[in-house]
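Undergrad: Pasting protein.cif here (mmCIF, C-alpha atoms):
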data_data
loop_
_atom_site.label_atom_id
_atom_site.label_comp_id
_atom_site.auth_asym_id
_atom_site.auth_seq_id
_atom_site.Cartn_x
_atom_site.Cartn_y
_atom_site.Cartn_z
CA MET A 1 25.76 300.71 -99.60
CA GLY A 2 28.45 301.18 -96.98
CA GLY A 3 30.69 303.62 -95.17
CA ALA A 4 29.55 305.78 -92.27
CA VAL A 5 30.52 309.45 -92.16
CA SER A 6 32.95 310.91 -89.66
CA ALA A 7 31.69 312.93 -86.70
CA GLY A 8 31.17 316.65 -87.19
CA GLU A 9 32.06 319.52 -84.88
CA ASP A 10 28.70 321.20 -85.47
CA ASN A 11 25.62 320.86 -87.67
CA ASP A 12 27.23 322.35 -90.80
CA ASP A 13 30.23 320.07 -90.39
CA LEU A 14 27.94 317.05 -90.15
CA ILE A 15 26.14 318.09 -93.35
CA ASP A 16 29.47 318.55 -95.13
CA ASN A 17 30.37 314.97 -94.19
CA LEU A 18 27.01 313.62 -95.34
CA LYS A 19 27.46 315.38 -98.69
CA GLU A 20 30.99 314.07 -99.07
CA ALA A 21 29.76 310.52 -98.47
CA GLN A 22 26.91 311.03 -100.98
CA TYR A 23 24.10 310.56 -98.48
CA ILE A 24 22.88 314.09 -99.26
CA ARG A 25 22.72 314.56 -103.03
CA THR A 26 20.29 317.41 -103.78
CA GLU A 27 20.40 321.10 -102.91
CA LYS A 28 16.92 321.29 -101.38
CA VAL A 29 17.68 318.43 -98.97
CA GLU A 30 20.99 320.03 -98.05
CA GLN A 31 19.28 323.37 -97.33
CA ALA A 32 16.70 321.69 -95.09
CA PHE A 33 19.38 319.84 -93.12
CA ARG A 34 21.43 323.01 -92.64
CA ALA A 35 18.37 325.00 -91.55
CA ILE A 36 17.47 322.60 -88.70
CA ASP A 37 20.22 322.05 -86.13
CA ARG A 38 20.10 318.40 -85.11
CA GLY A 39 21.56 319.31 -81.71
CA ASP A 40 18.42 321.30 -80.85
CA TYR A 41 16.46 318.04 -80.67
CA TYR A 42 18.72 316.47 -78.04
CA LEU A 43 18.15 316.73 -74.32
CA ASP A 44 20.48 318.97 -72.34
CA GLY A 45 23.63 317.09 -71.50
CA TYR A 46 23.53 314.89 -74.61
CA ARG A 47 24.20 317.48 -77.32
CA ASP A 48 27.85 316.39 -77.70
CA SER A 49 26.57 313.27 -79.48
CA ALA A 50 24.29 315.17 -81.88
CA TYR A 51 26.78 315.44 -84.74
CA LYS A 52 27.89 311.83 -84.82
CA ASP A 53 26.42 309.49 -87.41
CA LEU A 54 24.68 307.48 -84.71
CA ALA A 55 21.13 306.86 -83.57
CA TRP A 56 20.20 308.29 -80.15
CA LYS A 57 17.56 307.16 -77.67
CA HIS A 58 16.58 308.37 -74.21
CA GLY A 59 13.40 306.90 -72.75
CA ASN A 60 10.76 307.21 -75.47
CA ILE A 61 12.67 309.96 -77.31
CA HIS A 62 14.54 308.66 -80.33
CA LEU A 63 16.48 310.02 -83.31
CA SER A 64 17.70 307.88 -86.18
CA ALA A 65 21.26 308.20 -87.48
CA PRO A 66 21.85 311.20 -89.81
CA CYS A 67 22.69 308.91 -92.73
CA ILE A 68 19.27 307.24 -92.35
CA TYR A 69 17.41 310.58 -92.36
CA SER A 70 19.47 311.69 -95.38
CA GLU A 71 18.46 308.64 -97.39
CA VAL A 72 14.83 309.05 -96.34
CA MET A 73 14.70 312.72 -97.38
CA GLU A 74 16.28 311.96 -100.75
CA ALA A 75 14.03 308.93 -101.37
CA LEU A 76 10.83 310.89 -100.63
CA LYS A 77 11.53 313.25 -103.57
CA LEU A 78 9.70 316.10 -101.85
CA GLN A 79 8.19 319.03 -103.75
CA PRO A 80 6.26 322.16 -102.69
CA GLY A 81 2.55 321.56 -102.14
CA LEU A 82 2.72 317.83 -101.42
CA SER A 83 1.00 316.12 -98.50
CA PHE A 84 3.22 314.20 -96.06
CA LEU A 85 2.43 311.70 -93.32
CA ASN A 86 5.07 310.70 -90.77
CA LEU A 87 4.21 307.46 -88.98
CA GLY A 88 6.18 307.39 -85.74
CA SER A 89 6.96 311.09 -85.95
CA GLY A 90 9.05 311.15 -82.75
CA THR A 91 10.79 314.44 -81.94
CA GLY A 92 9.48 316.14 -85.08
CA TYR A 93 13.01 316.67 -86.46
CA LEU A 94 12.27 315.00 -89.80
CA SER A 95 8.78 316.55 -90.07
CA THR A 96 10.20 320.03 -89.54
CA MET A 97 12.75 319.54 -92.34
CA VAL A 98 9.98 318.25 -94.60
CA GLY A 99 7.90 321.36 -93.79
CA LEU A 100 10.66 323.59 -95.20
CA ILE A 101 10.38 321.85 -98.58
CA VAL A 102 6.63 321.23 -99.01
CA GLY A 103 5.93 324.85 -98.02
CA PRO A 104 2.77 326.57 -96.77
CA PHE A 105 0.46 324.94 -99.30
CA GLY A 106 1.49 321.42 -98.40
CA VAL A 107 0.17 319.12 -95.67
CA ASN A 108 2.42 317.90 -92.86
CA HIS A 109 0.97 315.37 -90.40
CA GLY A 110 2.57 313.07 -87.84
CA VAL A 111 1.34 310.17 -85.71
CA GLU A 112 3.30 309.21 -82.58
CA LEU A 113 2.46 306.49 -80.06
CA HIS A 114 3.84 308.20 -76.95
CA LYS A 115 2.12 311.28 -75.54
CA ASP A 116 5.28 312.58 -73.86
CA VAL A 117 7.13 312.45 -77.18
CA VAL A 118 4.36 314.40 -78.94
CA GLU A 119 4.60 317.06 -76.23
CA TYR A 120 8.38 317.15 -76.72
CA ALA A 121 7.94 317.52 -80.50
CA ARG A 122 5.49 320.39 -80.06
CA GLU A 123 7.92 322.17 -77.72
CA LYS A 124 10.73 321.82 -80.26
CA LEU A 125 8.47 323.04 -83.06
CA GLU A 126 7.45 326.11 -81.05
CA ASP A 127 11.10 326.84 -80.27
CA PHE A 128 11.99 326.61 -83.98
CA ILE A 129 9.21 329.00 -85.02
CA LYS A 130 9.97 331.55 -82.30
CA ASN A 131 13.76 331.48 -82.21
CA SER A 132 15.36 330.00 -85.33
CA ASP A 133 16.79 332.38 -87.92
CA SER A 134 15.96 329.74 -90.55
CA PHE A 135 12.22 330.28 -90.07
CA ASP A 136 12.31 333.64 -91.87
CA LYS A 137 14.37 332.23 -94.75
CA PHE A 138 11.79 329.62 -95.80
CA GLU A 139 8.07 329.28 -96.40
CA PHE A 140 7.03 326.68 -93.87
CA CYS A 141 4.37 324.01 -93.52
CA GLU A 142 3.92 323.58 -89.79
CA PRO A 143 3.68 319.91 -88.74
CA VAL A 144 0.59 318.78 -86.85
CA PHE A 145 1.15 315.85 -84.48
CA VAL A 146 -1.45 313.50 -82.98
CA VAL A 147 -1.08 310.76 -80.37
CA GLY A 148 -2.03 307.26 -81.47
CA ASN A 149 -0.98 303.90 -82.84
CA CYS A 150 -0.26 304.21 -86.55
CA LEU A 151 -1.58 300.67 -87.10
CA GLU A 152 -5.04 301.85 -85.98
CA ILE A 153 -5.63 304.75 -88.39
CA SER A 154 -9.28 305.27 -89.21
CA THR A 155 -10.34 303.53 -92.43
CA ASP A 156 -11.96 306.70 -93.78
CA SER A 157 -8.75 308.74 -93.56
CA HIS A 158 -7.49 310.68 -96.56
CA GLN A 159 -4.47 309.58 -98.61
CA TYR A 160 -1.06 311.26 -98.86
CA ASP A 161 1.52 312.03 -101.55
CA ARG A 162 4.45 311.04 -99.35
CA ILE A 163 4.63 308.74 -96.32
CA TYR A 164 7.49 307.72 -94.05
CA CYS A 165 7.30 305.09 -91.33
CA GLY A 166 10.03 305.30 -88.70
CA ALA A 167 9.60 301.79 -87.28
CA GLY A 168 10.01 298.31 -88.68
CA VAL A 169 6.98 297.17 -90.70
CA GLN A 170 6.00 293.52 -90.68
CA LYS A 171 5.20 291.96 -94.06
CA ASP A 172 1.54 291.48 -93.16
CA HIS A 173 1.20 295.27 -92.57
CA GLU A 174 2.67 296.25 -95.95
CA ASN A 175 -0.66 296.55 -97.75
CA TYR A 176 -2.11 298.54 -94.84
CA MET A 177 0.62 301.14 -95.39
CA LYS A 178 0.15 301.17 -99.15
CA VAL A 179 -3.55 301.98 -98.89
CA LEU A 180 -2.69 305.32 -97.25
CA LEU A 181 -0.76 306.39 -100.37
CA LYS A 182 -2.14 308.30 -103.35
CA ILE A 183 -1.51 307.05 -106.89
CA GLY A 184 1.85 308.48 -107.94
CA GLY A 185 2.89 308.80 -104.29
CA ILE A 186 6.00 307.50 -102.55
CA LEU A 187 6.18 305.47 -99.35
CA VAL A 188 9.51 304.97 -97.55
CA MET A 189 9.64 302.42 -94.73
CA PRO A 190 11.87 299.72 -93.22
CA ILE A 191 10.57 296.29 -94.11
CA GLU A 192 12.39 292.95 -93.84
CA ASP A 193 15.61 294.74 -92.74
CA GLN A 194 15.66 296.99 -95.78
CA LEU A 195 14.82 300.68 -95.99
CA THR A 196 12.51 300.49 -98.99
CA GLN A 197 11.07 303.06 -101.40
CA ILE A 198 7.63 302.09 -102.76
CA THR A 199 5.98 304.09 -105.55
CA ARG A 200 2.29 303.63 -106.25
CA THR A 201 2.01 303.49 -110.05
CA GLY A 202 -1.67 302.57 -110.28
CA GLN A 203 -4.71 301.48 -108.31
CA CYS A 204 -3.17 298.08 -107.63
CA THR A 205 0.37 298.41 -108.99
CA TRP A 206 3.60 299.32 -107.19
CA ASP A 207 7.31 299.69 -107.81
CA SER A 208 9.71 298.84 -104.99
CA LYS A 209 13.38 299.67 -104.52
CA ASN A 210 15.68 298.74 -101.64
CA ILE A 211 17.73 301.70 -100.42
CA LEU A 212 19.76 300.61 -97.41
CA ALA A 213 20.15 297.64 -95.07
CA VAL A 214 18.77 298.69 -91.66
CA SER A 215 17.33 297.26 -88.46
CA PHE A 216 14.49 299.15 -86.77
CA ALA A 217 12.42 298.28 -83.74
CA PRO A 218 9.07 296.93 -85.00
CA LEU A 219 5.79 298.82 -84.90
CA ILE A 220 3.97 298.26 -81.64
CA GLN A 221 0.56 296.66 -81.97
CA GLN A 222 -2.08 297.87 -79.55
CA SER A 223 -2.91 295.32 -76.85
CA ILE A 224 -6.61 295.17 -76.07
CA ALA A 225 -8.82 293.03 -73.88
CA ASP A 226 -10.92 290.31 -75.47
CA GLY A 227 -13.97 291.68 -77.19
CA GLU A 228 -12.82 295.31 -77.14
CA LYS A 229 -12.15 297.33 -80.25
CA PRO A 230 -8.90 299.30 -80.50
CA ASP A 231 -9.14 303.08 -80.50
CA ALA A 232 -9.09 304.40 -84.07
CA VAL A 233 -6.62 307.20 -84.78
CA GLN A 234 -8.21 310.25 -86.39
CA LEU A 235 -5.69 312.02 -88.59
CA PRO A 236 -5.72 315.84 -88.58
CA PRO A 237 -8.14 317.36 -91.09
CA VAL A 238 -6.84 318.93 -94.29
CA THR A 239 -8.09 322.50 -94.04
CA VAL A 240 -8.07 325.49 -96.37
CA ARG A 241 -6.01 328.41 -95.13
CA SER A 242 -7.87 331.54 -94.09
CA LEU A 243 -7.66 334.73 -96.15
CA GLN A 244 -5.77 336.33 -93.25
CA ASP A 245 -3.18 333.55 -93.26
CA LEU A 246 -2.84 333.67 -97.07
CA SER A 247 -2.26 337.42 -96.90
CA ARG A 248 0.54 336.91 -94.36
CA ILE A 249 2.19 334.29 -96.56
CA TYR A 250 2.14 336.46 -99.67
CA ILE A 251 3.24 339.64 -97.88
CA ARG A 252 6.23 337.81 -96.38
CA ARG A 253 7.02 336.22 -99.77
CA THR A 254 6.96 339.60 -101.52
CA LEU A 255 9.18 341.24 -98.89
CA ARG A 256 11.60 338.30 -98.94
CA ASN A 257 11.89 338.44 -102.74
CA LEU A 258 12.47 342.20 -102.66
CA ALA A 259 15.17 341.77 -100.03
CA ASN A 260 16.88 339.09 -102.13
CA GLU A 261 16.79 341.28 -105.25
CA ASP A 262 18.15 344.24 -103.28
CA SER A 263 21.03 342.23 -101.80
CA GLN A 264 21.96 340.84 -105.21
CA GLY A 265 21.87 344.28 -106.78
CA LYS A 266 24.20 345.71 -104.11
CA ASP A 267 26.47 342.65 -104.26
CA ILE A 268 26.55 342.50 -100.47
CA VAL A 269 29.24 340.28 -98.96
CA GLN A 270 28.50 339.32 -95.37
CA ARG A 271 31.34 338.56 -93.02
CA VAL A 272 30.86 335.43 -90.98
CA PRO A 273 32.84 333.74 -88.24
CA GLN A 274 35.91 331.99 -89.59
CA LYS A 275 36.15 328.34 -88.65
CA ARG A 276 39.29 326.35 -88.13
CA LYS A 277 40.03 324.27 -91.18
CA ARG A 278 39.79 320.58 -90.47
CA ARG A 279 41.44 318.06 -92.70
CA ARG A 280 39.01 315.39 -93.89
CA CYS A 281 40.21 311.80 -94.05
CA ARG A 282 38.94 309.97 -97.09
CA ARG A 283 37.10 306.85 -95.98
CA ARG A 284 36.92 303.57 -97.80
CA ARG A 285 33.31 302.58 -98.41
CA ILE A 286 32.87 298.96 -97.32
CA ASN A 287 29.88 296.73 -96.69
CA THR A 288 30.21 296.58 -92.91
CA TYR A 289 27.37 297.31 -90.49
CA VAL A 290 27.10 297.49 -86.72
CA PHE A 291 24.17 297.54 -84.30
CA VAL A 292 23.57 300.81 -82.42
CA GLY A 293 20.54 300.70 -80.15
CA ASN A 294 17.83 299.15 -82.28
CA GLN A 295 19.25 300.18 -85.65
CA LEU A 296 21.81 298.69 -87.99
CA ILE A 297 23.97 301.45 -89.45
CA PRO A 298 26.99 301.56 -91.78
CA GLN A 299 30.43 301.63 -90.12
CA MET A 300 33.77 302.44 -91.70
CA VAL A 301 37.20 301.02 -90.90
CA GLU A 302 40.24 303.32 -91.03
CA SER A 303 43.30 302.06 -92.87
CA GLU A 304 46.87 302.42 -91.58
CA GLU A 305 47.48 304.96 -94.36
CA GLU A 306 44.71 307.17 -93.03
CA GLU A 307 46.04 306.98 -89.47
CA HIS A 308 49.50 307.94 -90.70
CA ALA A 309 48.11 310.85 -92.77
CA GLU A 310 46.11 312.09 -89.79
CA GLU A 311 49.25 312.22 -87.63
CA GLU A 312 51.21 313.87 -90.45
CA HIS A 313 48.75 316.77 -90.71
CA LYS A 314 48.22 317.29 -86.98
CA GLU A 315 50.90 319.97 -86.71
CA VAL A 316 49.56 321.76 -89.80
CA GLU A 317 46.07 321.94 -88.28
CA GLU A 318 47.45 323.40 -85.05
CA GLU A 319 49.33 326.05 -87.02
CA GLU A 320 46.18 326.99 -88.98
CA GLU A 321 44.27 327.37 -85.73
CA ARG A 322 46.92 329.76 -84.35
CA ASP A 323 47.03 331.81 -87.57
CA ILE A 324 43.30 332.60 -87.61
CA GLY A 325 43.66 335.21 -84.88
CA ASP A 326 40.93 337.65 -84.03
CA VAL A 327 38.37 338.08 -86.78
CA GLU A 328 35.88 340.91 -86.85
CA ILE A 329 32.38 339.45 -87.00
CA LEU A 330 29.39 341.41 -88.20
CA LYS A 331 26.10 340.36 -86.63
CA GLN A 332 23.78 338.77 -89.16
CA VAL A 333 20.74 340.92 -89.88
CA ASN A 334 17.26 339.49 -90.30
CA VAL A 335 16.32 341.55 -93.36
CA LEU A 336 12.74 340.27 -93.51
CA ARG A 337 12.10 341.29 -89.91
CA ASP A 338 13.60 344.74 -90.47
CA GLN A 339 11.39 345.28 -93.51
CA ILE A 340 8.24 344.27 -91.65
CA MET A 341 9.10 346.49 -88.69
CA SER A 342 9.58 349.46 -91.03
CA LEU A 343 6.10 349.14 -92.56
CA PRO A 344 3.52 351.82 -91.58
CA LEU A 345 1.28 349.28 -89.86
CA PRO A 346 -0.17 348.85 -86.36
CA GLU A 347 2.14 346.98 -84.01
CA SER A 348 -0.37 344.16 -83.62
CA LEU A 349 -0.35 343.56 -87.39
CA LYS A 350 3.46 343.62 -87.49
CA ALA A 351 3.53 341.02 -84.73
CA TYR A 352 1.14 338.84 -86.73
CA LEU A 353 3.31 339.11 -89.85
CA LEU A 354 6.29 338.08 -87.72
CA TYR A 355 4.44 335.07 -86.27
CA TYR A 356 4.90 336.80 -82.90
CA ARG A 357 8.62 336.08 -82.98
CA GLU A 358 10.63 338.16 -80.55
CA LYS A 359 13.82 338.41 -82.61
#
Kindly return the structure encoded in the file as structure tokens.

TA:
Amino acid sequence: MGGAVSAGEDNDDLIDNLKEAQYIRTEKVEQAFRAIDRGDYYLDGYRDSAYKDLAWKHGNIHLSAPCIYSEVMEALKLQPGLSFLNLGSGTGYLSTMVGLIVGPFGVNHGVELHKDVVEYAREKLEDFIKNSDSFDKFEFCEPVFVVGNCLEISTDSHQYDRIYCGAGVQKDHENYMKVLLKIGGILVMPIEDQLTQITRTGQCTWDSKNILAVSFAPLIQQSIADGEKPDAVQLPPVTVRSLQDLSRIYIRRTLRNLANEDSQGKDIVQRVPQKRKRRRCRRRRINTYVFVGNQLIPQMVESEEEEHAEEEHKEVEEEEERDIGDVEILKQVNVLRDQIMSLPLPESLKAYLLYYREK
């Protein structure tokens, strides 16, 4: 597999490029990527790099290249209600996208070695729940993150339907990872410089498929003094939702469905900001890879024809930009919020149904 995607101007532009290059191939994965702005997971001052197909690292904070996350999301074959374990969960970007697909009756756990990164992930998760318009458009399984070494998970831990490991796995740790997987489950991890999809077909049988040539930093093994036992990582418990929480889920689902039916019946067309059209250069897909940080990612090479075509269309793009002019923009309305606020309920109950969101 080869050919990196061109840089985007914003999150939607990046997703368009990933679709064009066939890294994103299914609608549910596309919706999840569009709902979570990759730039929101970058530190201030680094957001300009968010929409390039490159890995990013600052201290302990790390994000893989978008093409890597795309392949992972597709390979996991996520469905509502599944349990997911993210080993090396990092910023929580991938876990949050997974939560939009597995929904409120799934399980979404993450293990991260660095405490400061877990705190960063929790801050980003809270910001998504409180401020993102996407939160009201999906039923969400909130990720739960714990600090620990994912090579020291307690032996009595439960198994998962889907697992992703975001660090290089040594061959002698392969079986350790497989034990965490339920029969019929899928494990995606980098092993021997290949992003690999492993499906557990039976108690002791597996199917493996190489997805993409990659290079990840290896999992860090806990260093301990002689005679000491490493600290075992206790994964979050799988709990049953309370009746109160179930009621909130179903009330919001009913109101969302009614709003969707109403908008379809009225054939509402919403006016959105008009973006400047940007000509896309068609890239040749070639088997060339380059190192970026600690990852090996695909890289394209532009031909002379493409450079000539880009120059040829430069004046046309400038003309399109001038012709757009002033466009009247109607503010998007959060229909679900408006419906909840109109209900004859105490304000405290409305706030609960809104997850205490302020907008």

Undergrad: Give me the result of the PyMOL selection byres ((chain A and resi 23) around 10) on this file, residue by residue, as a ChimeraX atom specification.

TA: /A:4-5,15,17-22,24-26,30,66-74

Undergrad: Might you pull out every residue within 7 Å of Val111 (chain A), with all atoms listed in the file counted and same-chain residues fewer than 3 positions away left off, and present them as a ChimeraX atom specification?

TA: /A:86-89,145-148,150

Undergrad: Spell out the residues picked by the PyMOL selection byres ((chain A and resi 184) around 6) here, as an NGL selection string.

TA: :A and (183 or 185 or 200-201)

Undergrad: Deliver the residues from the most recent selection as a file, using C-alpha atoms, as an mmCIF file, in the coordinates of the input.

TA:
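Heads up, here's the output in again07.cif:
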data_model
loop_
_atom_site.group_PDB
_atom_site.id
_atom_site.type_symbol
_atom_site.label_atom_id
_atom_site.label_comp_id
_atom_site.auth_asym_id
_atom_site.auth_seq_id
_atom_site.Cartn_x
_atom_site.Cartn_y
_atom_site.Cartn_z
ATOM 1 C CA ILE A 183 -1.510 307.050 -106.890
ATOM 2 C CA GLY A 185 2.890 308.800 -104.290
ATOM 3 C CA ARG A 200 2.290 303.630 -106.250
ATOM 4 C CA THR A 201 2.010 303.490 -110.050
#

Undergrad: When you count all atoms listed in the file, which of these residues is closest to Tyr42 (chain A): A:Tyr352, A:Trp56, A:Trp206, A:Phe128?

TA: A:Trp56

Undergrad: Would you kindly translate the PyMOL selection byres ((chain A and resi 51) around 6) into the concrete residues it picks from this file, as JSON, numbers by chain?

TA: {"A": [7, 8, 14, 49, 50, 52]}

Undergrad: For Asp116 (chain A), please output as a PyMOL selection string all residues within 10 Å (counting all atoms listed in the file; exclusion window: fewer than 6 positions along the same chain).

TA: chain A and resi 59-61+90-91+122+147

Undergrad: When distances are computed from only C-alpha atoms, which of A:Ala35, A:Ile249, A:Met177, A:Ala121 shows the smallest separation from Met189 (chain A)?

TA: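 Of the candidates, the smallest distance to Met189 (chain A) is held by A:Met177.
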
Undergrad: May I ask which of the residues A:Val238, A:Leu100, A:Leu82, A:Ile340 is the closest one to Ser134 (chain A), counting all atoms listed in the file?

TA: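 So, comparing all the options, the nearest one is A:Leu100.
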
Undergrad: Do a neighbour search on Val335 (chain A) at 10 Å with all atoms listed in the file, toss out local chain neighbours closer than 2 positions, and write the hits as a list of chain:residue names.

TA: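 The residues that qualify are A:Asp136, A:Lys137, A:Leu255, A:Arg256, A:Ala259, A:Asn260, A:Ser263, A:Gln332, A:Val333, A:Arg337, A:Asp338, A:Gln339, A:Ile340, A:Met341.
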
Undergrad: Selected residues, C-alpha atoms, written as a PDB file, in the frame of the given file, please.

TA:
ATOM      1  CA  ASP A 136      12.310 333.640 -91.870  1.00  0.00           C
ATOM      2  CA  LYS A 137      14.370 332.230 -94.750  1.00  0.00           C
ATOM      3  CA  LEU A 255       9.180 341.240 -98.890  1.00  0.00           C
ATOM      4  CA  ARG A 256      11.600 338.300 -98.940  1.00  0.00           C
ATOM      5  CA  ALA A 259      15.170 341.770-100.030  1.00  0.00           C
ATOM      6  CA  ASN A 260      16.880 339.090-102.130  1.00  0.00           C
ATOM      7  CA  SER A 263      21.030 342.230-101.800  1.00  0.00           C
ATOM      8  CA  GLN A 332      23.780 338.770 -89.160  1.00  0.00           C
ATOM      9  CA  VAL A 333      20.740 340.920 -89.880  1.00  0.00           C
ATOM     10  CA  ARG A 337      12.100 341.290 -89.910  1.00  0.00           C
ATOM     11  CA  ASP A 338      13.600 344.740 -90.470  1.00  0.00           C
ATOM     12  CA  GLN A 339      11.390 345.280 -93.510  1.00  0.00           C
ATOM     13  CA  ILE A 340       8.240 344.270 -91.650  1.00  0.00           C
ATOM     14  CA  MET A 341       9.100 346.490 -88.690  1.00  0.00           C
TER      15      MET A 341
END

Undergrad: Provide the CA of Leu43 (chain A) to CA of Phe84 (chain A) distance in Å, to one decimal place.

TA: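 Separating CA of Leu43 (chain A) from CA of Phe84 (chain A) is a distance of 26.5 Å.
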
Undergrad: Find the spatial neighbours of Ala232 (chain A), counting all atoms listed in the file, within a cut-off of 9 Å - ignore same-chain residues fewer than 6 positions away - and output them as a PyMOL selection string.

TA: chain A and resi 148-149+151-155

Undergrad: Based on the selection just made, write C-alpha atoms of those residues as a compact mmCIF listing (two decimals), in the coordinates of the input.

TA:
# COMPACT_ATOMS: atom_id res chain seq x y z
CA GLY A 148 -2.03 307.26 -81.47
CA ASN A 149 -0.98 303.90 -82.84
CA LEU A 151 -1.58 300.67 -87.10
CA GLU A 152 -5.04 301.85 -85.98
CA ILE A 153 -5.63 304.75 -88.39
CA SER A 154 -9.28 305.27 -89.21
CA THR A 155 -10.34 303.53 -92.43

Undergrad: One number please: CA of Pro236 (chain A) to CA of Ser157 (chain A), in Å, one decimal.

TA: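 CA of Ser157 (chain A) lies 9.2 Å from CA of Pro236 (chain A).
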
Undergrad: Using only C-alpha atoms, which residue out of A:Gly92, A:Gly99, A:Pro80, A:Gly106 lies closest to Glu119 (chain A)?

TA: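 Between A:Gly92, A:Gly99, A:Pro80, A:Gly106, the residue approaching Glu119 (chain A) most closely is A:Gly92.
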
Undergrad: I'd like the interatomic distance between CA of Val98 (chain A) and CA of Glu192 (chain A), to a tenth of an Å.

TA: 25.4 Å

Undergrad: Kindly indicate which residue among A:Ile186, A:Ala55, A:Leu212, A:Cys165 lies nearest to Lys77 (chain A), using only C-alpha atoms for the distances.

TA: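 Among the listed residues, A:Ile186 lies closest to Lys77 (chain A).
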
Undergrad: Go through A:Leu243, A:Leu343, A:Val117, A:Ala213 and flag the residue nearest His58 (chain A), using all atoms listed in the file for the distances.

TA: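 Answer, going by the shortest atom-to-atom distance: A:Val117.
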
Undergrad: Quick one: 8 Å padding each side, axis-aligned, all listed atoms of region 187-197 of chain A - centre and edge lengths in Å to one decimal, as JSON?

TA:
{"center_x": 10.9, "center_y": 299.2, "center_z": -97.1, "size_x": 25.5, "size_y": 28.5, "size_z": 24.7}
